[in-house]
Structure formats: C-alpha cells, structure tokens
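With compact mmCIF, C-alpha atoms inside, this is start14.txt:
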```
# COMPACT_ATOMS: atom_id res chain seq x y z
CA MET A 1 -39.20 147.92 -1.33
CA ASN A 2 -39.71 150.81 -3.78
CA ALA A 3 -38.54 154.37 -3.31
CA GLY A 4 -42.00 155.58 -2.22
CA ALA A 5 -42.23 152.92 0.44
CA ALA A 6 -38.80 153.79 1.69
CA HIS A 7 -39.78 157.43 1.79
CA ASN A 8 -42.91 156.68 3.82
CA SER A 9 -41.23 154.27 6.27
CA PRO A 10 -41.63 155.22 9.95
CA GLY A 11 -38.62 157.20 11.21
CA ALA A 12 -37.34 157.93 7.69
CA GLY A 13 -35.68 161.37 7.54
CA MET A 14 -35.53 161.69 11.37
CA PRO A 15 -32.21 162.99 12.80
CA SER A 16 -29.95 160.40 14.39
CA VAL A 17 -29.82 160.39 18.17
CA ILE A 18 -26.49 161.47 19.80
CA THR A 19 -25.80 159.33 22.80
CA ALA A 20 -24.07 160.51 25.96
CA ALA A 21 -20.98 158.56 24.98
CA ASP A 22 -20.89 160.34 21.60
CA ALA A 23 -21.20 163.75 23.30
CA THR A 24 -18.39 162.92 25.68
CA ARG A 25 -16.18 161.76 22.83
CA MET A 26 -16.86 164.95 20.84
CA SER A 27 -16.08 167.09 23.88
CA LEU A 28 -12.82 165.26 24.46
CA ASN A 29 -11.84 165.67 20.81
CA SER A 30 -12.60 169.38 20.98
CA SER A 31 -10.56 169.77 24.18
CA LEU A 32 -7.67 167.87 22.61
CA ILE A 33 -7.72 170.12 19.55
CA SER A 34 -7.73 173.21 21.80
CA ALA A 35 -4.87 171.84 23.90
CA ASN A 36 -2.86 170.99 20.79
CA LEU A 37 -3.45 174.47 19.39
CA ALA A 38 -2.38 176.06 22.67
CA ALA A 39 0.72 173.88 22.85
CA TYR A 40 1.85 174.68 19.31
CA THR A 41 1.19 178.39 19.88
CA ILE A 42 3.35 178.31 22.99
CA LEU A 43 6.15 176.58 21.10
CA VAL A 44 6.01 179.23 18.37
CA LEU A 45 6.24 182.01 20.98
CA ALA A 46 9.09 180.19 22.71
CA ALA A 47 10.94 179.80 19.42
CA PHE A 48 10.50 183.51 18.76
CA GLN A 49 11.93 184.37 22.18
CA TRP A 50 14.94 182.14 21.63
CA LEU A 51 15.39 183.88 18.26
CA LEU A 52 15.50 187.22 20.08
CA ILE A 53 18.11 185.83 22.46
CA PHE A 54 20.19 184.62 19.50
CA VAL A 55 19.88 188.03 17.80
CA SER A 56 20.93 189.84 20.98
CA HIS A 57 24.10 187.73 21.21
CA CYS A 58 24.86 188.43 17.54
CA VAL A 59 24.48 192.18 18.14
CA LEU A 60 26.62 191.84 21.25
CA GLN A 61 29.41 190.21 19.26
CA ARG A 62 29.23 192.62 16.32
CA ARG A 63 28.79 195.90 18.20
CA TYR A 64 30.09 195.52 21.76
CA VAL A 65 32.79 192.86 21.63
CA ARG A 66 34.15 194.22 18.36
CA ARG A 67 33.52 197.89 19.03
CA ARG A 68 33.59 200.22 16.05
CA PRO A 69 36.87 202.16 15.72
CA PHE A 70 36.99 205.92 15.16
CA VAL A 71 36.50 207.10 11.59
CA ASP A 72 39.49 208.95 10.14
CA ARG A 73 37.99 212.25 8.99
CA PRO A 74 38.98 215.94 9.16
CA THR A 75 38.42 217.62 12.53
CA ASP A 76 36.36 220.36 10.88
CA ASP A 77 33.78 217.76 9.80
CA TYR A 78 32.70 217.19 13.39
CA PRO A 79 29.77 219.38 14.43
CA GLY A 80 29.59 221.24 17.72
CA VAL A 81 27.81 219.33 20.46
CA THR A 82 26.00 220.56 23.55
CA ILE A 83 25.96 218.04 26.39
CA ILE A 84 22.98 218.59 28.70
CA ARG A 85 23.19 217.07 32.16
CA PRO A 86 19.99 217.41 34.24
CA VAL A 87 20.95 217.23 37.92
CA LYS A 88 18.94 216.93 41.12
CA GLY A 89 20.71 216.09 44.36
CA VAL A 90 24.00 214.27 44.80
CA ASP A 91 24.02 210.81 43.22
CA HIS A 92 26.27 207.94 44.21
CA GLY A 93 29.55 208.35 42.33
CA MET A 94 28.45 211.68 40.86
CA GLN A 95 31.94 213.12 40.46
CA ARG A 96 32.97 210.19 38.24
CA THR A 97 29.80 210.23 36.16
CA LEU A 98 29.73 213.99 35.53
CA GLU A 99 33.46 214.18 34.90
CA SER A 100 33.12 211.65 32.08
CA SER A 101 31.59 214.44 29.96
CA PHE A 102 34.82 216.47 30.31
CA LEU A 103 36.96 213.51 29.27
CA GLN A 104 35.35 212.85 25.90
CA GLU A 105 37.86 212.41 23.07
CA TYR A 106 35.92 214.55 20.62
CA PRO A 107 37.64 216.62 17.89
CA GLY A 108 34.83 219.17 17.53
CA PRO A 109 33.66 221.93 19.88
CA VAL A 110 31.83 220.77 23.02
CA GLU A 111 29.61 222.74 25.39
CA ILE A 112 28.46 221.23 28.69
CA LEU A 113 25.33 222.56 30.40
CA PHE A 114 24.31 221.40 33.87
CA ALA A 115 20.62 222.02 34.58
CA VAL A 116 19.77 222.40 38.27
CA GLU A 117 16.45 223.51 39.77
CA ASP A 118 17.32 224.55 43.31
CA PRO A 119 20.07 227.14 43.99
CA ASP A 120 20.72 225.35 47.30
CA ASP A 121 21.23 221.94 45.67
CA LEU A 122 24.38 220.33 47.07
CA ALA A 123 25.22 219.05 43.60
CA ILE A 124 26.19 222.59 42.53
CA GLU A 125 29.36 222.43 44.64
CA VAL A 126 30.32 219.09 43.10
CA ILE A 127 29.75 220.48 39.60
CA SER A 128 31.65 223.70 40.31
CA ASN A 129 34.68 221.76 41.54
CA ILE A 130 34.71 219.67 38.37
CA ILE A 131 34.38 222.75 36.13
CA ALA A 132 37.28 224.41 37.98
CA ARG A 133 39.54 221.46 37.12
CA TYR A 134 38.85 221.81 33.39
CA PRO A 135 39.10 225.56 32.63
CA LYS A 136 39.51 224.94 28.89
CA VAL A 137 36.13 223.20 28.63
CA GLN A 138 33.13 225.40 27.98
CA ALA A 139 30.82 224.44 30.84
CA ARG A 140 28.09 226.25 32.78
CA VAL A 141 25.58 225.61 35.53
CA LEU A 142 22.05 226.80 34.75
CA ILE A 143 19.82 227.24 37.79
CA GLY A 144 16.04 227.59 37.76
CA LYS A 145 12.88 225.74 36.92
CA ASP A 146 10.32 226.15 34.17
CA ASN A 147 6.84 224.72 34.38
CA VAL A 148 5.66 223.31 31.07
CA GLY A 149 4.12 220.10 32.38
CA ILE A 150 4.25 217.46 35.07
CA ASN A 151 7.59 215.92 34.05
CA PRO A 152 10.25 217.26 36.46
CA LYS A 153 13.11 216.30 34.15
CA VAL A 154 11.67 218.26 31.22
CA ASN A 155 10.94 221.25 33.47
CA ASN A 156 14.56 221.19 34.62
CA MET A 157 16.11 220.73 31.15
CA LEU A 158 14.12 223.37 29.28
CA LYS A 159 16.49 226.24 30.14
CA ALA A 160 19.43 224.21 28.81
CA PHE A 161 17.61 223.51 25.54
CA ASP A 162 16.88 227.23 25.16
CA GLN A 163 20.51 228.25 25.77
CA ALA A 164 22.27 225.46 23.86
CA GLN A 165 24.68 226.92 21.29
CA ASN A 166 24.75 223.79 19.09
CA ASP A 167 22.06 221.95 17.15
CA LEU A 168 23.39 218.49 18.08
CA LEU A 169 22.44 217.70 21.67
CA TRP A 170 23.54 214.91 23.96
CA ILE A 171 21.10 214.40 26.84
CA CYS A 172 22.87 212.41 29.55
CA ASP A 173 21.48 211.76 33.03
CA SER A 174 23.59 212.84 35.99
CA ASN A 175 24.18 209.26 37.19
CA VAL A 176 25.50 208.00 33.84
CA TYR A 177 29.17 207.35 33.08
CA THR A 178 30.28 206.99 29.46
CA ASP A 179 33.62 205.94 28.03
CA PRO A 180 35.83 208.69 26.52
CA GLY A 181 35.17 207.61 22.92
CA THR A 182 31.36 207.54 23.19
CA LEU A 183 30.68 210.98 21.73
CA ARG A 184 33.03 210.58 18.77
CA ARG A 185 31.66 207.16 17.83
CA SER A 186 28.13 208.57 18.05
CA ALA A 187 28.99 211.55 15.84
CA ASP A 188 30.69 209.26 13.31
CA LEU A 189 27.43 207.37 12.86
CA LEU A 190 25.46 210.58 12.41
CA LEU A 191 27.95 211.90 9.84
CA ASP A 192 27.84 208.63 7.89
CA ASN A 193 24.03 208.59 7.63
CA LYS A 194 22.17 211.86 7.14
CA ARG A 195 18.77 210.26 7.87
CA LEU A 196 20.00 209.03 11.22
CA GLY A 197 18.48 211.26 13.86
CA VAL A 198 18.88 209.51 17.21
CA ILE A 199 21.86 207.79 18.81
CA HIS A 200 21.17 206.02 22.09
CA HIS A 201 23.23 203.90 24.44
CA VAL A 202 22.04 200.84 26.30
CA VAL A 203 21.83 201.21 30.08
CA PHE A 204 24.26 199.12 32.08
CA SER A 205 24.11 198.82 35.86
CA GLU A 206 27.32 198.41 37.85
CA SER A 207 28.83 198.53 41.33
CA PRO A 208 25.81 197.45 43.41
CA THR A 209 26.04 198.44 47.06
CA SER A 210 23.14 196.35 48.42
CA PHE A 211 21.16 193.23 47.58
CA ALA A 212 18.44 195.47 46.09
CA GLY A 213 21.13 196.96 43.88
CA MET A 214 22.16 193.45 42.86
CA LEU A 215 18.57 192.73 41.83
CA ASP A 216 18.56 195.87 39.67
CA ASN A 217 21.94 194.92 38.29
CA ALA A 218 20.71 191.43 37.40
CA PHE A 219 17.71 192.89 35.57
CA LEU A 220 19.47 195.62 33.62
CA VAL A 221 22.50 193.64 32.45
CA THR A 222 20.58 190.53 31.37
CA ASN A 223 16.86 190.64 30.52
CA HIS A 224 16.57 194.36 29.86
CA CYS A 225 19.85 194.74 27.98
CA ARG A 226 19.29 191.60 25.95
CA MET A 227 15.76 192.57 24.87
CA TYR A 228 16.84 196.16 24.18
CA LEU A 229 19.52 195.01 21.75
CA ALA A 230 17.27 192.46 20.03
CA ILE A 231 14.32 194.81 19.53
CA ASN A 232 16.51 197.60 18.18
CA ALA A 233 18.25 195.16 15.84
CA PHE A 234 15.00 194.66 13.91
CA GLY A 235 14.53 198.43 13.62
CA ILE A 236 10.78 198.31 13.01
CA ALA A 237 9.86 200.88 15.66
CA SER A 238 11.36 203.31 18.13
CA CYS A 239 12.68 201.68 21.31
CA LEU A 240 14.91 203.81 23.48
CA MET A 241 15.56 204.94 27.03
CA GLY A 242 16.46 208.52 27.85
CA LYS A 243 19.56 207.84 29.90
CA SER A 244 21.96 208.81 27.12
CA ASN A 245 20.57 210.09 23.80
CA LEU A 246 21.89 212.27 20.99
CA TYR A 247 19.55 214.07 18.61
CA TYR A 248 19.21 217.36 16.76
CA LYS A 249 17.45 220.24 18.48
CA SER A 250 16.04 221.39 15.13
CA ALA A 251 14.49 217.95 14.56
CA LEU A 252 12.93 218.02 18.01
CA ASP A 253 11.59 221.54 17.39
CA ASN A 254 9.90 220.27 14.25
CA VAL A 255 7.89 217.75 16.30
CA GLY A 256 6.81 220.25 18.95
CA GLY A 257 9.95 221.00 20.91
CA ILE A 258 11.02 219.67 24.29
CA ALA A 259 8.28 221.61 26.12
CA SER A 260 5.53 219.66 24.35
CA PHE A 261 6.74 216.44 25.99
CA GLY A 262 6.40 217.79 29.51
CA GLN A 263 2.93 216.25 29.82
CA TYR A 264 4.38 212.72 29.65
CA LEU A 265 6.26 210.89 32.37
CA ALA A 266 8.12 208.78 29.79
CA GLU A 267 9.28 211.75 27.74
CA ASP A 268 12.20 209.74 26.31
CA ASN A 269 9.90 207.18 24.73
CA MET A 270 7.54 209.84 23.35
CA ILE A 271 10.45 211.87 21.89
CA GLY A 272 11.82 208.74 20.24
CA GLN A 273 8.43 207.90 18.72
CA ALA A 274 7.90 211.45 17.48
CA LEU A 275 11.31 211.58 15.77
CA TRP A 276 10.82 208.08 14.36
CA HIS A 277 7.47 208.94 12.82
CA SER A 278 8.91 212.12 11.33
CA GLY A 279 11.47 210.05 9.42
CA TRP A 280 14.52 210.03 11.68
CA SER A 281 15.95 206.56 12.20
CA HIS A 282 17.64 205.36 15.42
CA THR A 283 20.74 203.35 16.15
CA MET A 284 23.26 202.60 18.90
CA THR A 285 27.02 202.60 19.22
CA GLY A 286 28.91 199.89 21.07
CA ASP A 287 29.08 202.09 24.18
CA LEU A 288 27.28 201.64 27.49
CA ALA A 289 25.44 204.17 29.62
CA ARG A 290 26.89 202.95 32.91
CA GLN A 291 25.00 203.85 36.06
CA PRO A 292 25.68 202.81 39.66
CA ALA A 293 23.23 200.27 41.06
CA ASP A 294 22.58 202.47 44.09
CA ILE A 295 19.13 201.19 45.08
CA GLY A 296 19.09 201.08 48.86
CA SER A 297 16.14 198.85 49.74
CA PHE A 298 14.06 195.98 48.45
CA SER A 299 10.90 198.13 48.43
CA GLU A 300 12.71 200.74 46.32
CA TYR A 301 13.64 198.06 43.79
CA CYS A 302 10.04 196.83 43.59
CA SER A 303 8.72 200.37 43.31
CA ARG A 304 11.07 201.12 40.40
CA ARG A 305 10.13 197.95 38.50
CA ILE A 306 6.41 198.67 39.03
CA ARG A 307 6.86 202.26 37.85
CA TRP A 308 8.61 201.13 34.68
CA VAL A 309 5.89 198.63 33.78
CA ARG A 310 3.03 201.05 34.50
CA THR A 311 4.71 203.75 32.45
CA ARG A 312 5.16 201.41 29.48
CA LYS A 313 1.59 200.11 29.80
CA TYR A 314 0.22 203.43 28.58
CA ASN A 315 2.91 204.09 25.95
CA VAL A 316 3.75 200.70 24.43
CA THR A 317 0.71 198.69 25.45
CA PHE A 318 1.15 195.56 23.34
CA ALA A 319 4.81 195.11 24.29
CA THR A 320 3.96 195.55 27.97
CA PHE A 321 1.26 192.86 27.94
CA TYR A 322 3.57 190.57 25.97
CA GLU A 323 6.40 191.11 28.47
CA PRO A 324 5.69 188.09 30.76
CA LEU A 325 6.43 185.80 27.82
CA THR A 326 9.96 187.19 27.71
CA GLU A 327 10.62 186.01 31.26
CA SER A 328 12.30 182.67 31.87
CA ILE A 329 10.11 181.07 34.56
CA LEU A 330 6.71 181.63 32.91
CA LEU A 331 7.90 180.84 29.40
CA GLY A 332 9.87 177.85 30.66
CA SER A 333 6.82 176.47 32.49
CA LEU A 334 4.58 176.88 29.45
CA THR A 335 7.17 175.42 27.09
CA SER A 336 7.71 172.40 29.35
CA TRP A 337 3.98 171.71 29.42
CA ALA A 338 3.71 172.10 25.64
CA LEU A 339 6.59 169.72 24.93
CA GLY A 340 5.19 167.25 27.44
CA HIS A 341 1.75 167.44 25.88
CA ILE A 342 2.90 167.01 22.29
CA PHE A 343 5.96 164.78 22.60
CA GLY A 344 5.49 163.23 26.03
CA LEU A 345 8.71 164.72 27.43
CA SER A 346 9.22 165.00 31.16
CA ILE A 347 8.00 168.41 32.31
CA VAL A 348 10.50 168.57 35.18
CA ALA A 349 13.46 167.58 33.01
CA THR A 350 12.42 169.99 30.25
CA PHE A 351 11.96 172.90 32.65
CA THR A 352 15.34 172.22 34.27
CA THR A 353 17.04 172.15 30.87
CA PHE A 354 15.21 175.29 29.75
CA MET A 355 16.22 177.29 32.84
CA SER A 356 19.80 176.01 32.73
CA CYS A 357 20.23 177.11 29.12
CA TRP A 358 18.61 180.48 29.81
CA PHE A 359 20.84 181.06 32.83
CA ALA A 360 24.00 180.05 30.99
CA LEU A 361 23.29 182.42 28.11
CA ASP A 362 22.56 185.27 30.53
CA MET A 363 25.89 184.68 32.25
CA VAL A 364 27.70 184.66 28.90
CA PHE A 365 25.87 187.83 27.91
CA PHE A 366 26.87 189.62 31.12
CA TYR A 367 30.51 188.59 30.86
CA ARG A 368 30.89 189.56 27.22
CA ILE A 369 29.19 192.95 27.39
CA ASN A 370 30.97 193.90 30.61
CA HIS A 371 34.33 192.40 29.54
CA GLU A 372 34.83 191.14 33.11
CA SER A 373 33.23 188.93 35.74
CA PRO A 374 30.95 190.26 38.50
CA PRO A 375 32.66 190.91 41.87
CA SER A 376 30.98 187.77 43.24
CA TRP A 377 29.49 185.09 41.02
CA LEU A 378 27.63 183.62 44.00
CA TRP A 379 25.81 186.83 44.84
CA PHE A 380 25.14 187.53 41.18
CA VAL A 381 23.57 184.09 40.70
CA LEU A 382 21.41 184.53 43.82
CA SER A 383 20.25 187.96 42.68
CA TRP A 384 19.53 186.60 39.20
CA LEU A 385 17.35 183.82 40.63
CA CYS A 386 15.45 186.24 42.88
CA ARG A 387 15.00 188.71 40.02
CA GLU A 388 13.57 186.00 37.78
CA ALA A 389 11.19 184.81 40.52
CA LEU A 390 9.97 188.37 41.22
CA ALA A 391 9.40 189.32 37.57
CA LEU A 392 5.86 187.96 37.14
CA PRO A 393 4.45 188.98 40.57
CA LEU A 394 5.75 192.54 40.12
CA TRP A 395 4.31 192.67 36.59
CA VAL A 396 0.88 191.59 37.89
CA VAL A 397 0.94 194.28 40.57
CA ALA A 398 2.06 196.88 38.07
CA ILE A 399 -0.45 196.04 35.37
CA THR A 400 -3.41 196.32 37.74
CA GLY A 401 -2.65 199.89 38.87
CA ASP A 402 -2.42 203.33 37.28
CA THR A 403 -0.39 205.44 39.74
CA VAL A 404 3.35 205.75 40.32
CA VAL A 405 5.60 207.62 42.73
CA TRP A 406 8.62 209.39 41.27
CA ARG A 407 10.96 211.81 43.06
CA GLY A 408 8.53 212.12 45.95
CA GLN A 409 5.46 212.90 43.81
CA ARG A 410 2.50 210.65 43.02
CA PHE A 411 1.24 210.60 39.42
CA GLN A 412 -1.82 209.05 37.80
CA PHE A 413 -1.79 207.87 34.18
CA HIS A 414 -4.45 208.59 31.59
CA LEU A 415 -5.18 206.24 28.69
CA ASN A 416 -3.39 208.53 26.19
CA GLY A 417 -0.12 208.26 28.14
CA THR A 418 -0.32 211.67 29.80
CA VAL A 419 -0.28 211.93 33.59
CA GLN A 420 -1.52 214.23 36.31
CA VAL A 421 -0.06 215.00 39.72
CA LEU A 422 -2.14 213.72 42.62
```

Let's see the structure in the file written out as structure tokens.
Amino acid sequence: MNAGAAHNSPGAGMPSVITAADATRMSLNSSLISANLAAYTILVLAAFQWLLIFVSHCVLQRRYVRRRPFVDRPTDDYPGVTIIRPVKGVDHGMQRTLESSFLQEYPGPVEILFAVEDPDDLAIEVISNIIARYPKVQARVLIGKDNVGINPKVNNMLKAFDQAQNDLLWICDSNVYTDPGTLRRSADLLLDNKRLGVIHHVVFSESPTSFAGMLDNAFLVTNHCRMYLAINAFGIASCLMGKSNLYYKSALDNVGGIASFGQYLAEDNMIGQALWHSGWSHTMTGDLARQPADIGSFSEYCSRRIRWVRTRKYNVTFATFYEPLTESILLGSLTSWALGHIFGLSIVATFTTFMSCWFALDMVFFYRINHESPPSWLWFVLSWLCREALALPLWVVAITGDTVVWRGQRFQFHLNGTVQVL
C-alpha cells in the first residue's frame, strides 16, 4: 500500500477512542500523584516542626541552662533605667511580683513608676507598703488615665512614659516576677550591641491554683515557650510578647511614640514590629517572666486562648493560620497517614510513637527551663493531654470570629489590626 492509499484509508487520522477502563486508570493515577504530593508535603512540614523543636532545645541549653554571667564593667557604664509597672486591681501574688523590681541587682540608677488608673484601686495600698519598705529606691505611684485609643494598657501607661527620667525603659506587667539579675543581664546585652534595641523575656507560668490554671501552665511552658525560643532563634522577624520588654524611649518616639499604638489591642507586637523595621534588632536573656497561673475557670482559659489567636490573626496572619501544624495531635495524625501511605507503616503505631516522642521532649523542656519538677507529674500530664486535645477546637472557634472580651470590654477587630469598642 502506498502513502496516498494509507492517507486515504477510512479512519486514518481519527483520534483514538478512550475507553472507560482507560479513564478510570488515568483518574486513579492522578489521585495517586496528588496523594503522594500531599504525603511528601506533610513530611516536609513535619520535618520542619521537628527542626524547630530541636532548635528550641539548643537555645534552652545555651541560654537558660547555662545562663549568661554578669559582665565585669565599670558601674558608671550602666545607664539609668525606668521600670514601668502598669497596674489594675490586685493580682494573685502581687506583692512578690512587684517587689521583684526593688530587688534587682543593678549597678546603675533605677526609677520605678507604678501606673494606676483609679485612685480607689486596692492595688495602691499594696504598692505603697512595698515602697515604704525600700525608702532608698526611687519609686512613685502615678494615678490617672489618658485616652489615646482603645487599648487600656497604653492609656494607663502613657503618664509613666511622659514622666520617665531615663531613656531606657523596662515595661513589666504587674503579675510578672523576674529574678534579681534580670535587669543587669539585659543591660549587658544592650551595652555590648549598639544596634540592639529590644530585650524581651519569655513568659513562664507557675503555681497553678486550679485545673484551668494547669491548662494554661501546660500551654505556656511547653508549646508556647518552645515555639517562642525557636522563632526568635532564627531572628528573621519580630516576635515578642509585652509581658517584660526593655527598649529605648527615644527609639519608640521615632516610630510614633507609645500613644500611636493605642489603637491596637496587641500593642506589644506592633511596637516590636515598628522597632524591628526601623533597624533595631531583638534578643532575649536567659531570664523568665514568671507569672502565676491564676486562671479560675475552664471558660476563662478558653476565652484567653481564643483572644490570643484572634489577636494574632490580624497582626501575624500567616503564622496564625500555620499554627495548627505546630500542634502535636493534628501534625501527628497527618504524619502517620503520610508515612503509612508512602512506606506502608502502621498508622496507629506511628501516631503512638510520634505522640510519645513529642510528650517526652515537652517534659524534658519543662524540667530544664524550670530547673525543677512540677508539684505533681500526674496532674501536669493530665493537663498537658487536655491542652493538646483542646488546641485545634479552640483554634477553629477563634479563627472564625472577630471579637474578643478583655478586662470586661468587648472589642471588634478590623483587617488592618486596629480594633473598636463595641
């Protein structure tokens, strides 16, 4: 048969017919490729999370187990520091937490300013008694409230910022206890690095008085603390909480001043970002911002976790949506499926091993950063398990809403991170 005949043959050039079996086979191949891609992606994310856990333990060993000693330098080198303590009401263990500011082993001049809104606040008596016991310490109570935005903490602190006699400020919440060497170690870091503009201390929960407090304790001293250390170790962006921060008033004035952050509920995060983007780097000492785990009810615990997530959703959006993949149960479930899909491993056995390793490392982390065991290992383990189980449901509730309740007021978030009072 010649070429022309072949060209003119019936059916020549017609597309081949795809049978139902072929279509099914192609669909299965496509599904398998998608499943493989999903499985490998999950394993990459899991490996990244385990890397963060490894980094956090390295930071723990270098900074908190082997805490930096004081630098031997002349006393005159240490700048004056103003400690600002915003206070509202009487917190659990307040005398101990506030008194820790008077016990700082700092060679330079120190001024302590207590900012209180209400002249009838019962905390004023507690503060006055502490001041009376330390007559050589320059300390004052400032009473009154400014109104520069919706953030009650900023409104309360503004008068202290205006009256501070020193450029270096230490903002420390009223329920935070710090070790006596915290201020000196922080100042040593600032003196060693002139581009260092923010010193912050990781929050550590202690002395829970209820099961809700144990849940908060389990969250703060494991997942939160671990991720906080790991993220800050990479130093690619600002990541700080406003429980205990040191920075220069002049640097803050150059980015708008404290009053300009009154429109945000998460003023600590926005201040950190503003200073970071203006060229001031951040770091931490090996000290803890210890706060009592004084949450009284389960609903209060849930409300606090929801408020934290909703606040972060509008300030650090990507990190907030990524957050479920930093939790053990979800990541462990996905990893177990991925390893079962690719390597045929038992999902149940893999998940059990995953959770056991995660739990063991969390227990090691808690023991090493706290330098002692919890009062009851049994209750701590139970609270850890409940905290892990609640993490995803609370995140789902938080991510689907845009209002929070804080200090008796309801706020609604806008997309730019600002809020309004409802």

Quiz item: Which residue, A:Cys302, A:Met363, A:Met94, A:Met270, has the smallest gap to A:Leu378 when you use only C-alpha atoms?
Solution: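 Of the candidates, the smallest distance to A:Leu378 is held by A:Met363.
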
Exercise. Pick out the closest residue to A:Ser174 from this set: A:Gly235, A:Gly242, A:Gly417, A:Pro86. Count all atoms listed in the file.
Key: A:Pro86

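With distances taken over all atoms listed in the file, A:Leu330 is the one residue among A:Leu330, A:Arg96, A:Asp179, A:Phe343 lying closest to A:Pro393.
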
Self-check item: Expected residue set, 12 Å radius at (25.6, 213.1, 41.0), only C-alpha atoms, as JSON, numbers by chain
Solution: {"A": [85, 86, 87, 88, 89, 90, 91, 92, 93, 94, 95, 96, 97, 98, 99, 100, 114, 116, 121, 122, 123, 124, 125, 126, 127, 130, 172, 173, 174, 175, 176, 177, 291, 292, 294]}

Self-check item: Residue contacts of A:Tyr264 (12 Å, only C-alpha atoms) excluding same-chain residues fewer than 6 positions away, as a VMD selection string
Solution: chain A and resid 148 to 155 258 270 to 271 311 to 312 314 to 315 411 to 421

Self-check item: Computed interatomic separation between atom CA of A:Thr182 and atom CA of A:Lys136 (Å)
Solution: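 Straight-line distance from atom CA of A:Thr182 to atom CA of A:Lys136 works out to 20.0 Å.
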
Practice problem: Compare A:Val81, A:Pro135, A:Ala274, A:Asp216 by their minimum atom-to-atom distance to A:Phe261, counting only C-alpha atoms, and give me the closest one. | Solution: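 Comparing A:Val81, A:Pro135, A:Ala274, A:Asp216 against A:Phe261, the winner is A:Ala274.
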
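Each of A:Arg304, A:His200, A:His224, A:Arg62 was checked against A:Met284 using all atoms listed in the file; the smallest atom-to-atom distance is that of A:His200.
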
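With all atoms listed in the file taken into account, the protein and nucleic acid residues at most 10 Å from A:Glu323 (excluding it and anything under 5 positions from it in its own chain) are Val309, Thr317, Phe318, Ala391, Leu392 and Trp395 of chain A.
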
Practice problem: Considering all atoms listed in the file, return as a VMD selection string whatever protein or nucleic-acid residues lie within 8 Å of A:Ala237, sequence-local ones (same chain, fewer than 3 positions apart) excluded. | Solution: chain A and resid 232 273 276

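If you measure from each of A:Val71, A:Val137, A:Val55, A:Leu32 to A:Ile83 using all atoms listed in the file, the closest one turns out to be A:Val137.
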
Quiz prompt | atom CA of A:Ser186 to atom CA of A:Ala160, distance in Å rounded to a single decimal | solution =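 Separating atom CA of A:Ser186 from atom CA of A:Ala160 is a distance of 20.9 Å.
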
Exercise. Just the residues within 9 Å of A:Ile399, please, counting all atoms listed in the file, with nothing from its chain fewer than 6 positions along; format it as a PyMOL selection string.
Key: chain A and resi 306+309-310+313+320-321

Practice problem: Provide the atom CA of A:Lys159 to atom CA of A:Leu252 distance in Å, to one decimal place. | Solution: 15.1 Å

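With all atoms listed in the file taken into account, the protein and nucleic acid residues at most 12 Å from A:Trp280 (excluding it and anything under 6 positions from it in its own chain) are A:Leu190, A:Asn193, A:Lys194, A:Arg195, A:Leu196, A:Gly197, A:Val198, A:Ile199, A:Gly235, A:Ala237, A:Ser238, A:Tyr247, A:Tyr248, A:Ser250, A:Ala251, A:Leu252, A:Asn254, A:Val255, A:Ile271, A:Gly272, A:Gln273, A:Ala274.
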